[in-house]
Amino acid sequence: MLTLASDIEVLARFGRALADPIRCRLLLALGEAPAHPSDLADALGISRTRLSNHLACLRDCGLVVAVPVGRRTRYELADQRLGHALDDLRTAIVAVEADRTCTDADDKDCC
């Protein structure tokens with residue numbers, strides 16, 4: 001059981017980052033490879049301004065870092081273990097979703 005406030009805060013930050021589909025897509029993309037904002041905006045089909053806001057959120061959460069490369073900035077996951085954690089979380093959720101035992105899940109929108 002999590003008891004340390006810092007553990008709970010870390011998970012809450014991670015949850016906030018994952019609460020938005022665009023941030024999820026960004027994290028998955030950066031899990032594949034570091035990228036420049038313009039490339040990320042094009043790949044996700046969003047404006048650079050909107051992308052910038054999401055990258056700022058992910059930086060504030062401590063999940064991504066900005067790395068200066070000459071006159072440009074490249075973004076990457078703050079720690080490569082985050083990529084593995086995202087993959088593990090995604091596959092675990094897909095497995096649970098495939099094995100739902102709650103017969104009322106669709107009616108109650110609970111599971």
# chains A, B, ... in the order shown; residues from 1 in each chain; ligands from 1
$ residues_around --residues "region 80-91 of chain A" --least-positions-apart "4" --cutoff "10 Å" --atoms "only C-alpha atoms" --output "VMD selection string"
chain A and resid 18 24 27 to 33 63 to 64 76 95 to 97
$ select_by_dssp --residues "region 15-104 of chain A" --states "strand (DSSP E)" --output "number ranges by chain"
A: 64-69, 72-77
$ residues_around --residues "Val65 (chain A)" --least-positions-apart "3" --cutoff "8 Å" --atoms "only C-alpha atoms" --output "ChimeraX atom specification"
/A:59,62,75-78
$ select_by_dssp --residues "region 29-90 of chain A" --states "helix (DSSP H, G or I)" --output "VMD selection string"
chain A and resid 29 to 32 37 to 44 48 to 60 80 to 90
$ residues_around --residues "Ile22 (chain A)" --least-positions-apart "3" --cutoff "12 Å" --atoms "only C-alpha atoms" --output "list in words"
Ala17, Leu18, Ala19, Arg25, Leu26, Leu27, Leu28, Ala29, Leu40, Ala41, Ala43, Leu44, Gly45, Ile46, Ser47, Arg50, Leu51, Ser52, Asn53, His54, Leu55, Cys57 and Leu58 of chain A
$ atom_distance --atom1 "CA of Thr73 (chain A)" --atom2 "CA of His36 (chain A)"
6.2 Å
$ closest_residue --among "A:Val94, A:Asp107, A:Ala12, A:Asp20" --to "Cys61 (chain A)" --atoms "only C-alpha atoms"
A:Ala12
$ closest_residue --among "A:Ala35, A:Arg23, A:Gly15, A:Val10" --to "Val69 (chain A)" --atoms "only C-alpha atoms"
A:Ala35
$ closest_residue --among "A:Arg16, A:Ala56, A:Asp7, A:Asp79" --to "Pro34 (chain A)" --atoms "only C-alpha atoms"
A:Asp79
